[in-house]
Amino acid sequence: MMKNTIVSNENFKKQIDNQEVALFNLKNKNGFVCQITNYGARIVSCFVPITDNSALDVVLGYDSIDDYLKDDFYLGVIAGRYANRIAKGRFMLDGTDYSLAVNNGENALHGGQKGFDKVVWKARLFANENDEECLELAYLSVDGEEGYPGNLTVKVNYSLTNKNEIRIDYTAETDAKTVINLTNHAYFNLKGAGEGLVTSHDLVLNADYFTPTDAGAIPTGEIRTVSNTPMDFRVPHKIGERIEDDYIELIQGIGYDHNWVLNKENDVLSQVATVSDSASRITMKVYSTEPGVQFYSGNYLNIQNGKNGKSYPKRSGFCLETQHFPDSPNHDNFPNTILNPNETYSQTTIYQFEVK
């Protein structure tokens, strides 16, 4: 039996914007279960098998679609058209100044007031060549939506592999030059959702550098070494070990909420992070083709009505959002986020779970 109850499909039957919302259950041969809704393309639950007859749900979420409609924390979503922040909601492209919907102080965050997290995606279930269960989610972001140029066709494919992986493959095409940055914003707690804080988790990030930010969480443009700072996770450190250090980046963010520059070559799929919890014995490895990862230690979490009546207080979940860098359209020294017509945006991220 599951340690936490699987969310009911009935609680997700609803029409939004004349589109049908549903909850989809993917399962592999090991009993690994992932629940995803097409509202915001969100991961709702992730049950990692602990023994032959028990599993632990390690993703923060809600019991019903009505709760997700009130969510302000981006639980489990695909964030876009531009994940993370764009300063003052503005950028220049070929001499044209684009003004975006602003929703995070004076900045644009995760796509704007109605980003990809607040729309209903078209869903298709299928089995891949390895007979693994997959869910394809598709969305058309029309020209001018939230201020972004171009009609952008996006597909996100969730695969539940027999290696106990959630594999996420993203593709997108546009009919006009635009900017794009997609990521998944799942909050994980390897003790189990609602089972305490993540500060005791051990974290490794394969990154020698990070991008410092100003008080509004916008990158300054500097790419700074992690050496001799509490941002250095090249060897294991507990998330809470240095989180209260007298270091300006942690003071401004009330903890970790920064982009790390990953040690990798171009868009090669490689391991970028490892998180483990000694109590549950679960280890999560993260692989990605992306150049950066936003590590967020859940500093602003304050949820009273999570799954199974559990609360999610500050630092009860962490995010590892593989991505291009925040505010890249305004920094020439950051990896390019421009997508042209006749090009295909593509990236892959994998969350793999092991019990030791």
# chains A, B, ... in the order shown; residues from 1 in each chain; ligands from 1
$ select_by_dssp --residues "region 27-271 of chain A" --states "strand (DSSP E)" --output "ChimeraX atom specification"
/A:27,33-37,42-51,54-57,78-79,85-86,90-93,96-99,108-109,122-127,133-141,152-160,165-174,178-179,183-184,202-205,207-211,224-225,237-238,257-262,270-271
$ closest_atom_pairs --of "region 71-148 of chain A" --to "region 182-198 of chain A" --cutoff "6 Å" --atoms "only C-alpha atoms" --output "tab-separated table"
residue	atom	partner	partner_atom	distance
A:Leu75	CA	A:Ala186	CA	5.7
A:Gly76	CA	A:Ala186	CA	3.7
A:Val77	CA	A:His185	CA	5.2
A:Ile78	CA	A:Asn184	CA	4.6
A:Ala79	CA	A:Thr183	CA	5.5
A:Gly80	CA	A:Leu182	CA	5.2
A:Ala83	CA	A:Leu182	CA	5.4
$ write_last_selection --atoms "C-alpha atoms" --output "CSV table (one decimal), in the first residue's frame"
chain,number,residue,atom,x,y,z
A,75,LEU,CA,3.5,23.6,-7.5
A,76,GLY,CA,4.7,21.1,-10.1
A,77,VAL,CA,4.1,23.3,-13.1
A,78,ILE,CA,5.7,23.7,-16.5
A,79,ALA,CA,6.7,27.3,-16.3
A,80,GLY,CA,6.8,29.4,-19.5
A,83,ALA,CA,10.6,30.5,-16.7
$ residues_around --residues "region 16-18 of chain A" --least-positions-apart "4" --cutoff "9 Å" --atoms "only C-alpha atoms" --output "number ranges by chain"
A: 39, 119-120
$ closest_residue --among "A:Ser99, A:Asn11, A:Asn206, A:Asn342" --to "Gly147 (chain A)" --atoms "only C-alpha atoms"
A:Ser99
$ closest_residue --among "A:Ile50, A:Ala215, A:Ala101, A:Ile180" --to "Gln113 (chain A)" --atoms "only C-alpha atoms"
A:Ala101
$ closest_residue --among "A:Gln347, A:Thr229, A:Lys122, A:Asn157" --to "Val268 (chain A)" --atoms "only C-alpha atoms"
A:Gln347
$ closest_residue --among "A:Asn151, A:Val48, A:Val261, A:Arg234" --to "Arg81 (chain A)" --atoms "only C-alpha atoms"
A:Asn151
$ residues_around --residues "Leu203 (chain A)" --least-positions-apart "4" --cutoff "8 Å" --atoms "only C-alpha atoms" --output "list of chain:residue names"
A:Phe233, A:Val235, A:Pro236, A:His237, A:Lys238, A:Ile239, A:Ala273, A:Thr274, A:Val275, A:Ser276
$ write_last_selection --atoms "C-alpha atoms" --output "mmCIF file, in the first residue's frame"
data_model
loop_
_atom_site.group_PDB
_atom_site.id
_atom_site.type_symbol
_atom_site.label_atom_id
_atom_site.label_comp_id
_atom_site.auth_asym_id
_atom_site.auth_seq_id
_atom_site.Cartn_x
_atom_site.Cartn_y
_atom_site.Cartn_z
ATOM 1 C CA PHE A 233 27.701 22.349 -3.339
ATOM 2 C CA VAL A 235 30.672 18.167 -2.431
ATOM 3 C CA PRO A 236 27.655 17.168 -0.329
ATOM 4 C CA HIS A 237 26.277 19.728 2.089
ATOM 5 C CA LYS A 238 22.981 19.702 3.942
ATOM 6 C CA ILE A 239 20.582 22.263 2.516
ATOM 7 C CA ALA A 273 22.565 17.395 -9.211
ATOM 8 C CA THR A 274 22.072 14.762 -6.509
ATOM 9 C CA VAL A 275 19.856 15.006 -3.429
ATOM 10 C CA SER A 276 19.561 12.349 -0.736
#
$ closest_residue --among "A:Asp66, A:Glu132, A:Asp169, A:Glu290" --to "Asn266 (chain A)" --atoms "only C-alpha atoms"
A:Glu290
$ closest_residue --among "A:Val272, A:Leu23, A:Val59, A:Met231" --to "Ile243 (chain A)" --atoms "only C-alpha atoms"
A:Met231
$ select_by_dssp --residues "region 62-152 of chain A" --states "alpha helix (DSSP H)" --output "ChimeraX atom specification"
/A:65-69
$ write_last_selection --atoms "N, CA and C atoms" --output "compact mmCIF listing (two decimals), in the first residue's frame"
# COMPACT_ATOMS: atom_id res chain seq x y z
N ILE A 65 -8.36 19.90 -8.16
CA ILE A 65 -8.09 20.97 -9.12
C ILE A 65 -8.49 22.32 -8.55
N ASP A 66 -9.52 22.35 -7.71
CA ASP A 66 -9.94 23.63 -7.12
C ASP A 66 -8.84 24.24 -6.26
N ASP A 67 -8.07 23.38 -5.58
CA ASP A 67 -6.94 23.88 -4.80
C ASP A 67 -5.85 24.43 -5.71
N TYR A 68 -5.61 23.76 -6.83
CA TYR A 68 -4.59 24.25 -7.77
C TYR A 68 -4.97 25.58 -8.39
N LEU A 69 -6.26 25.83 -8.55
CA LEU A 69 -6.70 27.10 -9.11
C LEU A 69 -6.35 28.27 -8.20
$ residues_around --residues "Ser8 (chain A)" --least-positions-apart "4" --cutoff "9 Å" --atoms "only C-alpha atoms" --output "PyMOL selection string"
chain A and resi 12+23+63-64
$ residues_around --residues "Asp246 (chain A)" --least-positions-apart "6" --cutoff "12 Å" --atoms "only C-alpha atoms" --output "list in words"
Thr229, Pro230, Gln252, Gly253, Ile254 and Gly255 of chain A
$ residues_around --residues "Arg281 (chain A)" --least-positions-apart "4" --cutoff "6 Å" --atoms "only C-alpha atoms" --output "number ranges by chain"
A: 277, 355-356
$ atom_distance --atom1 "CA of Arg42 (chain A)" --atom2 "CA of Tyr74 (chain A)"
8.8 Å
$ atom_distance --atom1 "CA of Gln271 (chain A)" --atom2 "CA of Ser328 (chain A)"
23.0 Å
